[in-house]
Amino acid sequence: MKVQTRLSLYSSLVFGMIFLILSMLIYGLYYNRTRKSLYENLRKNAYISAFFYLEEDELNFEEFEKIRRQFDEFVPDSSYQIYNEHNQLSYGLPVHRISDPWLERIRREEAVSFEWEDYLCHGIFYEDNQGDFVVVVFEKAEVLHDQVKPLVWILALAFGIGLVTFALLSKWVAGMAYRPFSTVIRQVRDISTHDLGVQIASPGTKDELQDLTETFNDLLVRIADTVTIQKNFVRYVSHEFKTPLAALLGNLEVFSIKERTPEEYRRLCQTMIAQVRQMEETLDTLIVVSDLRKATEMTTQVRIDELIWEISRKLQEIYPQARVSIHIDILPEDEQLMAVPHDPSPLLTALYNLTENAVKFSRGKPVDIHIGKEEGKLCLSIADKGIGIPEEQLRFISRPFYRAGNAEQIQGSGIGLSIALRILEKNRINYRIESAPQTGTVVYLLFG
């Protein structure tokens, strides 16, 4: 059952229950009020009957005529009985004679409303100079039922019409409320696995549906990024493993053609060892990216300045045109800040990747590394004057294999920076990256 239909059904059931309860309440109030009104009329008729039969000798002609007119108008012939002190019927027709226990109760309580067989009765004890009498007037119970029966039909008709009308209106209102859901569902169905970059238009309802749509759009972005990463991952693995494997296979094929000297075999072994180590480094890189290697708690103290000088020497060998300047603004009394409790191997990798990126993208321009103190903590910044990163792409640079649009002309796989940032995050080293196109990039590190 659709939500729209279920909502309409549930609201109709709630309406029906509320209307039924109100109808029962109205019926009960009206029934009691009508019953009370009938008993009130019977009480008046009882006194009129008593005056008519028992007070004739004490009233003048005009007063008695007034009582007689009221008696003829309000008291039917067969709706009253007057009993003397011996419970004998003095006036009225002997139909449905009231039992003695009821007559005695009327004498004790002086006025009693009660039901007798199919009649509503009201009796009064009336003292007169002719004796003590009990006057009982009665009305058929059908009169009460006839008066409330129209109300029952009205309530039943109103219940049926109201329920049908409310069901139709609730279905129409539910359709209007459900329309944004239908729109979103159609858009979701139109999404193709070949184009995950699409976004669902926000319904603008400012409710849970809009939150769901925005959450789903975020999910689409993450799925699209994952697909892109997978594609780049395959290309990266193919490239990084294909070259050393081809070299290994080529060397083995060449050496298998004829016998070689021990010196040639030794050089072959060294070449193959270097290529295998290259493959091992690539595999280690992939393990870091995929978070397969668990972080270990290291208590080794490593000096940041020593790592930076080592990185500078390596980069000078690989990039002879590199211009790396190192500035250390640490006073002798703060020299202990230079030693940080981190695993030196991954920290070296992270700092090397950050510095190598600065060198590559600066294209021969100076790269400044500054080591100083900030808020009582060790601070390291790596600044270049290279091509920079567009502001709208800066938030994507931590994704593996992602490359900014202006970096296509510079060789790289887009994995070095993501590895560095992941290492920093695992080691709880705070970082901040500021960049602007054609201005350069600055990476700030704050060691806790």
# chains A, B, ... in the order shown; residues from 1 in each chain; ligands from 1
$ residues_around --residues "stretch 130-142 of chain A" --least-positions-apart "3" --cutoff "6 Å" --atoms "only C-alpha atoms" --output "ChimeraX atom specification"
/A:46,79-85,118-127,145-146
$ write_last_selection --atoms "C-alpha atoms" --output "compact mmCIF listing (two decimals), in the first residue's frame"
# COMPACT_ATOMS: atom_id res chain seq x y z
CA ALA A 46 -49.37 15.45 37.88
CA SER A 79 -52.32 9.14 31.14
CA TYR A 80 -53.15 9.70 34.81
CA GLN A 81 -54.32 7.79 37.87
CA ILE A 82 -55.15 9.04 41.35
CA TYR A 83 -55.02 6.61 44.29
CA ASN A 84 -56.53 7.18 47.73
CA GLU A 85 -54.88 6.35 51.04
CA ASP A 118 -43.38 0.46 28.72
CA TYR A 119 -44.21 3.78 30.38
CA LEU A 120 -42.35 6.73 31.83
CA CYS A 121 -44.08 7.64 35.09
CA HIS A 122 -44.00 10.44 37.64
CA GLY A 123 -45.84 10.19 40.93
CA ILE A 124 -46.46 12.78 43.66
CA PHE A 125 -47.90 12.51 47.15
CA TYR A 126 -50.71 15.04 47.47
CA GLU A 127 -52.33 15.94 50.83
CA HIS A 145 -37.63 6.95 21.36
CA ASP A 146 -39.57 8.82 18.68
$ select_by_dssp --residues "stretch 332-431 of chain A" --states "strand (DSSP E or B)" --output "list in words"
Ala339, Val340, Pro341, Val367, Asp368, Ile369, His370, Ile371, Gly372, Lys373, Glu374, Lys377, Leu378, Cys379, Leu380, Ser381, Ile382, Ala383, Asp384, Asn430 and Tyr431 of chain A
$ closest_atom_pairs --of "stretch 305-370 of chain A" --to "stretch 430-437 of chain A" --cutoff "12 Å" --atoms "only C-alpha atoms" --output "tab-separated table"
residue	atom	partner	partner_atom	distance
A:Ala350	CA	A:Tyr431	CA	11.8
A:Leu351	CA	A:Tyr431	CA	11.8
A:Leu354	CA	A:Ile433	CA	10.9
A:Ala358	CA	A:Ser435	CA	11.5
A:Phe361	CA	A:Pro437	CA	11.3
A:Ser362	CA	A:Pro437	CA	11.7
$ select_by_dssp --residues "stretch 52-116 of chain A" --states "alpha helix (DSSP H)" --output "list of chain:residue names"
A:Phe52, A:Tyr53, A:Leu54, A:Phe61, A:Glu62, A:Glu63, A:Phe64, A:Glu65, A:Lys66, A:Ile67, A:Arg68, A:Arg69, A:Gln70, A:Phe71, A:Asp72, A:Glu73, A:Phe74, A:Asp100, A:Pro101, A:Trp102, A:Leu103, A:Glu104, A:Arg105, A:Ile106, A:Arg107, A:Arg108, A:Glu109
$ write_last_selection --atoms "C-alpha atoms" --output "CSV table (one decimal), in the first residue's frame"
chain,number,residue,atom,x,y,z
A,52,PHE,CA,-58.4,19.4,38.7
A,53,TYR,CA,-59.7,16.6,40.7
A,54,LEU,CA,-58.9,17.5,44.3
A,61,PHE,CA,-65.0,29.4,39.0
A,62,GLU,CA,-62.4,31.4,37.0
A,63,GLU,CA,-59.5,29.6,38.6
A,64,PHE,CA,-61.0,26.2,38.1
A,65,GLU,CA,-61.8,27.0,34.4
A,66,LYS,CA,-58.1,27.9,33.9
A,67,ILE,CA,-57.1,24.6,35.5
A,68,ARG,CA,-59.6,22.7,33.4
A,69,ARG,CA,-58.3,24.2,30.2
A,70,GLN,CA,-54.8,23.2,31.1
A,71,PHE,CA,-56.0,19.7,32.1
A,72,ASP,CA,-57.8,19.2,28.8
A,73,GLU,CA,-54.8,20.5,26.8
A,74,PHE,CA,-51.9,18.7,28.5
A,100,ASP,CA,-48.4,-1.0,45.8
A,101,PRO,CA,-44.6,-0.9,46.4
A,102,TRP,CA,-44.2,2.0,44.0
A,103,LEU,CA,-47.2,3.8,45.6
A,104,GLU,CA,-45.7,3.4,49.1
A,105,ARG,CA,-42.3,4.7,47.8
A,106,ILE,CA,-44.1,7.7,46.4
A,107,ARG,CA,-45.7,8.4,49.7
A,108,ARG,CA,-42.3,8.2,51.5
A,109,GLU,CA,-40.3,10.3,49.0
$ closest_residue --among "A:Val442, A:Val227, A:Leu20, A:Leu417" --to "A:Ala156" --atoms "only C-alpha atoms"
A:Leu20
$ residues_around --residues "A:Val188" --least-positions-apart "2" --cutoff "10 Å" --atoms "only C-alpha atoms" --output "JSON, numbers by chain"
{"A": [182, 183, 184, 185, 186, 190, 191, 192, 198, 199, 200, 213, 216]}
$ write_last_selection --atoms "all heavy atoms" --output "compact mmCIF listing (two decimals), in the first residue's frame"
# COMPACT_ATOMS: atom_id res chain seq x y z
N SER A 182 6.67 12.20 -5.41
CA SER A 182 6.57 11.61 -6.75
C SER A 182 7.62 12.22 -7.67
O SER A 182 8.24 11.51 -8.48
CB SER A 182 5.17 11.83 -7.31
OG SER A 182 4.19 11.26 -6.47
N THR A 183 7.82 13.53 -7.56
CA THR A 183 8.82 14.19 -8.40
C THR A 183 10.22 13.66 -8.11
O THR A 183 11.00 13.37 -9.02
CB THR A 183 8.78 15.72 -8.16
OG1 THR A 183 7.45 16.20 -8.42
CG2 THR A 183 9.76 16.43 -9.06
N VAL A 184 10.54 13.52 -6.82
CA VAL A 184 11.86 13.00 -6.45
C VAL A 184 12.02 11.55 -6.92
O VAL A 184 13.08 11.17 -7.44
CB VAL A 184 12.06 13.10 -4.92
CG1 VAL A 184 13.32 12.37 -4.49
CG2 VAL A 184 12.11 14.56 -4.49
N ILE A 185 10.96 10.75 -6.79
CA ILE A 185 11.03 9.34 -7.22
C ILE A 185 11.30 9.25 -8.71
O ILE A 185 12.11 8.42 -9.17
CB ILE A 185 9.73 8.61 -6.83
CG1 ILE A 185 9.66 8.43 -5.30
CG2 ILE A 185 9.65 7.24 -7.50
CD1 ILE A 185 8.34 7.87 -4.82
N ARG A 186 10.63 10.10 -9.50
CA ARG A 186 10.87 10.08 -10.95
C ARG A 186 12.31 10.44 -11.27
O ARG A 186 12.93 9.83 -12.15
CB ARG A 186 9.91 11.05 -11.64
CG ARG A 186 8.48 10.55 -11.73
CD ARG A 186 7.69 11.36 -12.75
NE ARG A 186 7.64 12.77 -12.39
CZ ARG A 186 6.71 13.32 -11.62
NH1 ARG A 186 5.73 12.57 -11.13
NH2 ARG A 186 6.73 14.61 -11.36
N ASP A 190 15.31 8.05 -13.04
CA ASP A 190 15.99 8.46 -14.28
C ASP A 190 17.50 8.45 -14.14
O ASP A 190 18.21 8.68 -15.14
CB ASP A 190 15.51 9.86 -14.69
CG ASP A 190 14.05 9.86 -15.12
OD1 ASP A 190 13.56 8.77 -15.50
OD2 ASP A 190 13.40 10.91 -15.07
N ILE A 191 18.01 8.24 -12.92
CA ILE A 191 19.46 8.24 -12.72
C ILE A 191 20.05 7.00 -13.37
O ILE A 191 19.59 5.88 -13.16
CB ILE A 191 19.81 8.29 -11.23
CG1 ILE A 191 19.35 9.62 -10.61
CG2 ILE A 191 21.31 8.12 -11.01
CD1 ILE A 191 19.58 9.71 -9.12
N SER A 192 21.09 7.20 -14.16
CA SER A 192 21.76 6.09 -14.84
C SER A 192 23.08 5.79 -14.16
O SER A 192 23.74 6.69 -13.61
CB SER A 192 22.00 6.44 -16.32
OG SER A 192 22.81 5.47 -16.94
N VAL A 198 24.75 13.46 -11.78
CA VAL A 198 23.51 14.23 -11.74
C VAL A 198 23.10 14.48 -10.30
O VAL A 198 23.50 13.77 -9.38
CB VAL A 198 22.38 13.50 -12.50
CG1 VAL A 198 22.75 13.32 -13.95
CG2 VAL A 198 22.09 12.15 -11.86
N GLN A 199 22.28 15.51 -10.12
CA GLN A 199 21.76 15.86 -8.80
C GLN A 199 20.24 15.96 -8.87
O GLN A 199 19.68 16.39 -9.88
CB GLN A 199 22.34 17.20 -8.33
CG GLN A 199 23.84 17.15 -8.02
CD GLN A 199 24.13 16.51 -6.68
OE1 GLN A 199 23.95 17.10 -5.64
NE2 GLN A 199 24.62 15.29 -6.71
N ILE A 200 19.58 15.54 -7.81
CA ILE A 200 18.12 15.65 -7.73
C ILE A 200 17.76 17.07 -7.34
O ILE A 200 18.33 17.63 -6.40
CB ILE A 200 17.56 14.65 -6.71
CG1 ILE A 200 17.90 13.22 -7.14
CG2 ILE A 200 16.06 14.80 -6.57
CD1 ILE A 200 17.47 12.17 -6.13
N THR A 213 16.48 14.51 0.31
CA THR A 213 17.01 14.80 -1.02
C THR A 213 18.46 15.27 -0.95
O THR A 213 19.31 14.81 -1.72
CB THR A 213 16.14 15.87 -1.70
OG1 THR A 213 14.79 15.42 -1.76
CG2 THR A 213 16.64 16.15 -3.11
N PHE A 216 20.62 12.35 -0.13
CA PHE A 216 20.78 11.48 -1.29
C PHE A 216 21.74 12.10 -2.31
O PHE A 216 22.54 11.38 -2.93
CB PHE A 216 19.42 11.22 -1.93
CG PHE A 216 19.45 10.18 -3.02
CD1 PHE A 216 19.48 8.83 -2.70
CD2 PHE A 216 19.45 10.55 -4.36
CE1 PHE A 216 19.52 7.87 -3.70
CE2 PHE A 216 19.49 9.60 -5.36
CZ PHE A 216 19.52 8.26 -5.03
$ atom_distance --atom1 "atom CA of A:Ile154" --atom2 "atom CA of A:Ser37"
20.9 Å
$ closest_residue --among "A:Ile304, A:Ile318, A:Leu9, A:Ile382" --to "A:Ala339" --atoms "only C-alpha atoms"
A:Ile304
$ residues_around --residues "A:Met24" --least-positions-apart "4" --cutoff "12 Å" --atoms "only C-alpha atoms" --output "PyMOL selection string"
chain A and resi 17-20+28-31+151-152+155-156+159
$ write_last_selection --atoms "N, CA and C atoms" --output "CSV table (one decimal), in the first residue's frame"
chain,number,residue,atom,x,y,z
A,17,MET,N,-13.4,7.6,14.1
A,17,MET,CA,-13.4,7.3,15.5
A,17,MET,C,-13.8,8.6,16.3
A,18,ILE,N,-13.2,9.7,15.9
A,18,ILE,CA,-13.6,11.0,16.6
A,18,ILE,C,-15.1,11.3,16.4
A,19,PHE,N,-15.5,11.2,15.2
A,19,PHE,CA,-16.9,11.5,14.9
A,19,PHE,C,-17.9,10.6,15.6
A,20,LEU,N,-17.5,9.3,15.7
A,20,LEU,CA,-18.3,8.3,16.4
A,20,LEU,C,-18.4,8.6,17.9
A,28,GLY,N,-26.1,10.8,23.8
A,28,GLY,CA,-26.3,10.6,25.3
A,28,GLY,C,-26.8,11.9,25.9
A,29,LEU,N,-26.2,13.1,25.6
A,29,LEU,CA,-26.7,14.3,26.1
A,29,LEU,C,-28.1,14.6,25.7
A,30,TYR,N,-28.4,14.4,24.4
A,30,TYR,CA,-29.7,14.7,23.9
A,30,TYR,C,-30.8,13.8,24.5
A,31,TYR,N,-30.4,12.5,24.7
A,31,TYR,CA,-31.3,11.5,25.2
A,31,TYR,C,-31.6,11.9,26.7
A,151,LEU,N,-32.6,12.2,15.6
A,151,LEU,CA,-31.2,12.6,15.8
A,151,LEU,C,-30.3,11.4,15.4
A,152,VAL,N,-30.8,10.2,15.7
A,152,VAL,CA,-29.9,9.0,15.3
A,152,VAL,C,-29.7,9.0,13.8
A,155,LEU,N,-27.4,11.8,12.7
A,155,LEU,CA,-26.0,11.5,13.0
A,155,LEU,C,-25.4,10.5,12.1
A,156,ALA,N,-26.2,9.4,11.8
A,156,ALA,CA,-25.8,8.4,10.9
A,156,ALA,C,-25.5,8.9,9.5
A,159,PHE,N,-22.5,11.0,9.6
A,159,PHE,CA,-21.3,10.2,9.7
A,159,PHE,C,-20.9,9.6,8.3
$ decode --residues "stretch 110-132 of chain A" --atoms "N, CA and C atoms" --output "compact mmCIF listing (two decimals), in the first residue's frame"
# COMPACT_ATOMS: atom_id res chain seq x y z
N GLU A 110 -42.43 11.44 48.39
CA GLU A 110 -43.30 12.54 47.97
C GLU A 110 -43.27 12.83 46.47
N ALA A 111 -42.17 12.53 45.79
CA ALA A 111 -42.11 12.69 44.32
C ALA A 111 -41.10 11.71 43.78
N VAL A 112 -41.51 10.92 42.79
CA VAL A 112 -40.64 9.88 42.23
C VAL A 112 -40.87 9.81 40.71
N SER A 113 -39.77 9.80 39.96
CA SER A 113 -39.82 9.54 38.52
C SER A 113 -39.30 8.13 38.30
N PHE A 114 -40.04 7.35 37.52
CA PHE A 114 -39.64 5.96 37.34
C PHE A 114 -40.22 5.42 36.04
N GLU A 115 -39.73 4.23 35.67
CA GLU A 115 -40.25 3.54 34.49
C GLU A 115 -41.05 2.34 34.95
N TRP A 116 -42.24 2.19 34.35
CA TRP A 116 -43.12 1.08 34.71
C TRP A 116 -43.57 0.43 33.40
N GLU A 117 -43.15 -0.83 33.24
CA GLU A 117 -43.42 -1.57 31.99
C GLU A 117 -42.94 -0.73 30.81
N ASP A 118 -43.81 -0.32 29.88
CA ASP A 118 -43.38 0.46 28.72
C ASP A 118 -43.72 1.93 28.87
N TYR A 119 -43.79 2.40 30.12
CA TYR A 119 -44.21 3.78 30.38
C TYR A 119 -43.16 4.52 31.20
N LEU A 120 -43.09 5.82 30.97
CA LEU A 120 -42.35 6.73 31.83
C LEU A 120 -43.36 7.33 32.80
N CYS A 121 -43.10 7.24 34.08
CA CYS A 121 -44.08 7.64 35.09
C CYS A 121 -43.49 8.66 36.05
N HIS A 122 -44.38 9.52 36.57
CA HIS A 122 -44.00 10.44 37.64
C HIS A 122 -45.13 10.49 38.64
N GLY A 123 -44.82 10.21 39.88
CA GLY A 123 -45.84 10.19 40.93
C GLY A 123 -45.55 11.21 42.01
N ILE A 124 -46.61 11.81 42.56
CA ILE A 124 -46.46 12.78 43.66
C ILE A 124 -47.42 12.40 44.78
N PHE A 125 -47.04 12.70 45.98
CA PHE A 125 -47.90 12.51 47.15
C PHE A 125 -48.61 13.84 47.41
N TYR A 126 -49.94 13.80 47.38
CA TYR A 126 -50.71 15.04 47.47
C TYR A 126 -51.66 14.98 48.66
N GLU A 127 -51.48 15.87 49.64
CA GLU A 127 -52.33 15.94 50.83
C GLU A 127 -53.48 16.92 50.57
N ASP A 128 -54.69 16.47 50.84
CA ASP A 128 -55.86 17.29 50.58
C ASP A 128 -56.85 17.13 51.74
N ASN A 129 -57.85 18.06 51.81
CA ASN A 129 -58.84 17.95 52.87
C ASN A 129 -59.74 16.73 52.71
N GLN A 130 -59.70 16.16 51.49
CA GLN A 130 -60.49 14.96 51.26
C GLN A 130 -59.72 13.69 51.66
N GLY A 131 -58.40 13.87 51.91
CA GLY A 131 -57.57 12.72 52.26
C GLY A 131 -56.18 12.85 51.63
N ASP A 132 -55.38 11.80 51.82
CA ASP A 132 -54.03 11.77 51.24
C ASP A 132 -54.06 10.92 49.98
